[in-house]
>>> print(open('data-v5.txt').read())   # compact mmCIF, C-alpha atoms
# COMPACT_ATOMS: atom_id res chain seq x y z
CA MET Y 1 -5.19 6.51 -0.26
CA THR Y 2 -3.15 4.79 2.45
CA SER Y 3 -2.17 1.13 2.60
CA THR Y 4 -4.67 0.70 5.43
CA GLN Y 5 -7.52 1.95 3.27
CA ILE Y 6 -6.40 -0.11 0.29
CA GLY Y 7 -6.07 -3.24 2.42
CA LEU Y 8 -9.52 -2.78 3.93
CA LEU Y 9 -11.12 -2.08 0.56
CA THR Y 10 -9.39 -5.08 -1.02
CA GLY Y 11 -10.52 -7.39 1.76
CA LEU Y 12 -14.10 -6.18 1.49
CA VAL Y 13 -14.22 -6.47 -2.29
CA LEU Y 14 -12.69 -9.96 -2.24
CA GLY Y 15 -15.16 -10.98 0.43
CA LEU Y 16 -18.10 -9.76 -1.63
CA ALA Y 17 -16.78 -11.45 -4.77
CA ALA Y 18 -16.07 -14.74 -2.96
CA ALA Y 19 -19.38 -15.12 -1.15
CA PHE Y 20 -22.35 -13.27 -2.60
CA ALA Y 21 -25.16 -14.64 -0.40
CA GLY Y 22 -26.76 -14.28 3.04
CA PHE Y 23 -25.22 -14.36 6.50
CA ASP Y 24 -22.32 -16.54 5.36
CA ALA Y 25 -21.32 -13.78 2.96
CA PHE Y 26 -21.46 -11.27 5.79
CA LEU Y 27 -19.10 -13.36 7.91
CA ILE Y 28 -16.67 -13.91 5.05
CA VAL Y 29 -16.65 -10.18 4.24
CA LEU Y 30 -16.13 -9.38 7.91
CA VAL Y 31 -13.17 -11.75 8.22
CA LEU Y 32 -11.53 -10.73 4.95
CA GLY Y 33 -12.11 -7.05 5.71
CA THR Y 34 -10.43 -7.48 9.08
CA VAL Y 35 -7.48 -9.30 7.52
CA GLY Y 36 -7.17 -6.57 4.90
CA LEU Y 37 -7.33 -3.87 7.54
CA LEU Y 38 -4.67 -5.51 9.73
CA LEU Y 39 -2.38 -6.08 6.76
CA GLY Y 40 -2.80 -2.48 5.64
CA ARG Y 41 -2.10 -1.15 9.15
CA TYR Y 42 1.02 -3.32 9.34
CA LEU Y 43 2.25 -1.99 5.99
CA ASP Y 44 1.60 1.58 7.17
CA GLY Y 45 3.62 0.91 10.29
CA ARG Y 46 0.62 1.47 12.56
CA LEU Y 47 0.45 -2.10 13.86
CA ASP Y 48 3.21 -3.45 16.08
CA LEU Y 49 3.11 -7.23 15.96
CA ALA Y 50 5.43 -7.45 18.98
CA GLN Y 51 2.62 -6.04 21.12
CA LEU Y 52 0.20 -8.66 19.86
CA THR Y 53 2.57 -11.55 20.50
CA GLY Y 54 3.78 -10.24 23.87
CA ARG Y 55 7.42 -10.09 22.82
CA ASP Y 56 7.96 -6.56 24.08
CA ARG Y 57 8.35 -7.62 27.73
CA GLY Y 58 12.15 -7.34 27.84
CA ASP Y 59 12.84 -11.03 27.23
CA PHE Y 60 13.23 -10.46 23.50
CA HIS Y 61 16.71 -10.59 21.95
CA GLY Y 62 18.23 -12.04 25.10
CA GLN Y 63 17.37 -9.12 27.35
CA ARG Y 64 16.24 -11.09 30.37
CA ASP Y 65 15.93 -9.76 33.86
CA HIS Y 66 18.64 -11.53 35.85
CA HIS Y 67 18.18 -11.31 39.60
CA ALA Y 68 21.33 -11.38 41.72
CA GLY Y 69 21.49 -13.65 44.64
>>> encode(input="data-v5.txt", output="C-alpha cells")
Amino acid sequence: MTSTQIGLLTGLVLGLAAAFAGFDAFLIVLVLGTVGLLLGRYLDGRLDLAQLTGRDRGDFHGQRDHHAG
C-alpha cells in the first residue's frame, strides 16, 4: 500500500469517526479525505507544491529574467 492510499484511507476513516451524521459528515469526510490524499501524494513524491504555488516560473532562487537595455 502506497503513502497515497494510506493517506486517503486515514483521512476517510478520521472523517467518518469525527462526524457520523448526515450531510455534514459527508462534507467533513470529503475534506479530510482530500487532505489525506494530498498529503499521501506529497509523501510519494507525486505532488509538486511549487506548481501549486506558482514558484516554478523562473523567479525562484533568484533566477529572474533581466532584460538588457
>>> residues_around(input="data-v5.txt", residues="Gly45 (chain Y)", least_positions_apart="4", cutoff="10 Å", atoms="only C-alpha atoms", output="VMD selection string")
chain Y and resid 3 to 4 39 to 41 49
>>> residues_around(input="data-v5.txt", residues="region 36-38 of chain Y", least_positions_apart="6", cutoff="9 Å", atoms="all atoms listed in the file", output="list in words")
Ser3, Thr4, Gln5, Ile6, Gly7, Leu8, Leu9, Thr10, Gly11, Leu12 and Leu47 of chain Y
>>> residues_around(input="data-v5.txt", residues="Leu27 (chain Y)", least_positions_apart="5", cutoff="12 Å", atoms="only C-alpha atoms", output="PyMOL selection string")
chain Y and resi 12+15-16+18-22+32-34
>>> write_last_selection(input="data-v5.txt", atoms="C-alpha atoms", output="mmCIF file, keeping the file's coordinate frame")
data_model
loop_
_atom_site.group_PDB
_atom_site.id
_atom_site.type_symbol
_atom_site.label_atom_id
_atom_site.label_comp_id
_atom_site.auth_asym_id
_atom_site.auth_seq_id
_atom_site.Cartn_x
_atom_site.Cartn_y
_atom_site.Cartn_z
ATOM 1 C CA LEU Y 12 -14.100 -6.180 1.490
ATOM 2 C CA GLY Y 15 -15.160 -10.980 0.430
ATOM 3 C CA LEU Y 16 -18.100 -9.760 -1.630
ATOM 4 C CA ALA Y 18 -16.070 -14.740 -2.960
ATOM 5 C CA ALA Y 19 -19.380 -15.120 -1.150
ATOM 6 C CA PHE Y 20 -22.350 -13.270 -2.600
ATOM 7 C CA ALA Y 21 -25.160 -14.640 -0.400
ATOM 8 C CA GLY Y 22 -26.760 -14.280 3.040
ATOM 9 C CA LEU Y 32 -11.530 -10.730 4.950
ATOM 10 C CA GLY Y 33 -12.110 -7.050 5.710
ATOM 11 C CA THR Y 34 -10.430 -7.480 9.080
#
>>> atom_distance(input="data-v5.txt", atom1="CA of Arg46 (chain Y)", atom2="CA of Leu30 (chain Y)")
20.5 Å
>>> atom_distance(input="data-v5.txt", atom1="CA of Leu14 (chain Y)", atom2="CA of Phe26 (chain Y)")
12.0 Å
>>> atom_distance(input="data-v5.txt", atom1="CA of Ala17 (chain Y)", atom2="CA of Val31 (chain Y)")
13.5 Å
>>> closest_residue(input="data-v5.txt", among="Y:Met1, Y:Val29, Y:Leu43, Y:Ala50", to="Val13 (chain Y)", atoms="all atoms listed in the file")
Y:Val29
>>> build_atoms(input="data-v5.txt", residues="region 36-55 of chain Y", atoms="N, CA, C and O atoms", output="mmCIF file, in the frame of the given file")
data_model
loop_
_atom_site.group_PDB
_atom_site.id
_atom_site.type_symbol
_atom_site.label_atom_id
_atom_site.label_comp_id
_atom_site.auth_asym_id
_atom_site.auth_seq_id
_atom_site.Cartn_x
_atom_site.Cartn_y
_atom_site.Cartn_z
ATOM 1 N N GLY Y 36 -7.650 -7.660 5.746
ATOM 2 C CA GLY Y 36 -7.170 -6.570 4.900
ATOM 3 C C GLY Y 36 -6.791 -5.338 5.703
ATOM 4 O O GLY Y 36 -5.772 -4.693 5.446
ATOM 5 N N LEU Y 37 -7.609 -5.018 6.698
ATOM 6 C CA LEU Y 37 -7.330 -3.870 7.540
ATOM 7 C C LEU Y 37 -6.036 -4.069 8.339
ATOM 8 O O LEU Y 37 -5.182 -3.178 8.396
ATOM 9 N N LEU Y 38 -5.880 -5.243 8.945
ATOM 10 C CA LEU Y 38 -4.670 -5.510 9.730
ATOM 11 C C LEU Y 38 -3.429 -5.510 8.859
ATOM 12 O O LEU Y 38 -2.389 -4.981 9.257
ATOM 13 N N LEU Y 39 -3.517 -6.084 7.677
ATOM 14 C CA LEU Y 39 -2.380 -6.080 6.760
ATOM 15 C C LEU Y 39 -2.032 -4.658 6.337
ATOM 16 O O LEU Y 39 -0.863 -4.268 6.319
ATOM 17 N N GLY Y 40 -3.037 -3.869 6.027
ATOM 18 C CA GLY Y 40 -2.800 -2.480 5.640
ATOM 19 C C GLY Y 40 -2.181 -1.667 6.767
ATOM 20 O O GLY Y 40 -1.267 -0.871 6.554
ATOM 21 N N ARG Y 41 -2.669 -1.862 7.994
ATOM 22 C CA ARG Y 41 -2.100 -1.150 9.150
ATOM 23 C C ARG Y 41 -0.660 -1.566 9.390
ATOM 24 O O ARG Y 41 0.182 -0.747 9.746
ATOM 25 N N TYR Y 42 -0.359 -2.842 9.188
ATOM 26 C CA TYR Y 42 1.020 -3.320 9.340
ATOM 27 C C TYR Y 42 1.923 -2.668 8.293
ATOM 28 O O TYR Y 42 3.019 -2.217 8.608
ATOM 29 N N LEU Y 43 1.453 -2.601 7.050
ATOM 30 C CA LEU Y 43 2.250 -1.990 5.990
ATOM 31 C C LEU Y 43 2.442 -0.494 6.206
ATOM 32 O O LEU Y 43 3.456 0.073 5.811
ATOM 33 N N ASP Y 44 1.471 0.161 6.844
ATOM 34 C CA ASP Y 44 1.600 1.580 7.170
ATOM 35 C C ASP Y 44 2.482 1.826 8.380
ATOM 36 O O ASP Y 44 2.820 2.961 8.690
ATOM 37 N N GLY Y 45 2.826 0.764 9.096
ATOM 38 C CA GLY Y 45 3.620 0.910 10.290
ATOM 39 C C GLY Y 45 2.804 1.294 11.510
ATOM 40 O O GLY Y 45 3.336 1.758 12.516
ATOM 41 N N ARG Y 46 1.507 1.115 11.454
ATOM 42 C CA ARG Y 46 0.620 1.470 12.560
ATOM 43 C C ARG Y 46 0.244 0.276 13.414
ATOM 44 O O ARG Y 46 -0.528 0.420 14.353
ATOM 45 N N LEU Y 47 0.763 -0.890 13.099
ATOM 46 C CA LEU Y 47 0.450 -2.100 13.860
ATOM 47 C C LEU Y 47 1.762 -2.744 14.261
ATOM 48 O O LEU Y 47 2.565 -3.130 13.410
ATOM 49 N N ASP Y 48 1.986 -2.849 15.561
ATOM 50 C CA ASP Y 48 3.210 -3.450 16.080
ATOM 51 C C ASP Y 48 2.900 -4.889 16.475
ATOM 52 O O ASP Y 48 2.209 -5.138 17.466
ATOM 53 N N LEU Y 49 3.399 -5.826 15.696
ATOM 54 C CA LEU Y 49 3.110 -7.230 15.960
ATOM 55 C C LEU Y 49 3.754 -7.718 17.249
ATOM 56 O O LEU Y 49 3.276 -8.674 17.854
ATOM 57 N N ALA Y 50 4.800 -7.064 17.725
ATOM 58 C CA ALA Y 50 5.430 -7.450 18.980
ATOM 59 C C ALA Y 50 4.460 -7.255 20.148
ATOM 60 O O ALA Y 50 4.450 -8.041 21.090
ATOM 61 N N GLN Y 51 3.620 -6.252 20.078
ATOM 62 C CA GLN Y 51 2.620 -6.040 21.120
ATOM 63 C C GLN Y 51 1.581 -7.140 21.119
ATOM 64 O O GLN Y 51 1.105 -7.556 22.167
ATOM 65 N N LEU Y 52 1.214 -7.609 19.950
ATOM 66 C CA LEU Y 52 0.200 -8.660 19.860
ATOM 67 C C LEU Y 52 0.716 -10.003 20.334
ATOM 68 O O LEU Y 52 -0.032 -10.797 20.899
ATOM 69 N N THR Y 53 2.001 -10.264 20.116
ATOM 70 C CA THR Y 53 2.570 -11.550 20.500
ATOM 71 C C THR Y 53 3.163 -11.531 21.899
ATOM 72 O O THR Y 53 3.556 -12.568 22.409
ATOM 73 N N GLY Y 54 3.249 -10.350 22.527
ATOM 74 C CA GLY Y 54 3.780 -10.240 23.870
ATOM 75 C C GLY Y 54 5.290 -10.303 23.933
ATOM 76 O O GLY Y 54 5.863 -10.627 24.952
ATOM 77 N N ARG Y 55 5.960 -10.013 22.856
ATOM 78 C CA ARG Y 55 7.420 -10.090 22.820
ATOM 79 C C ARG Y 55 8.095 -8.779 23.184
ATOM 80 O O ARG Y 55 9.267 -8.625 22.992
#
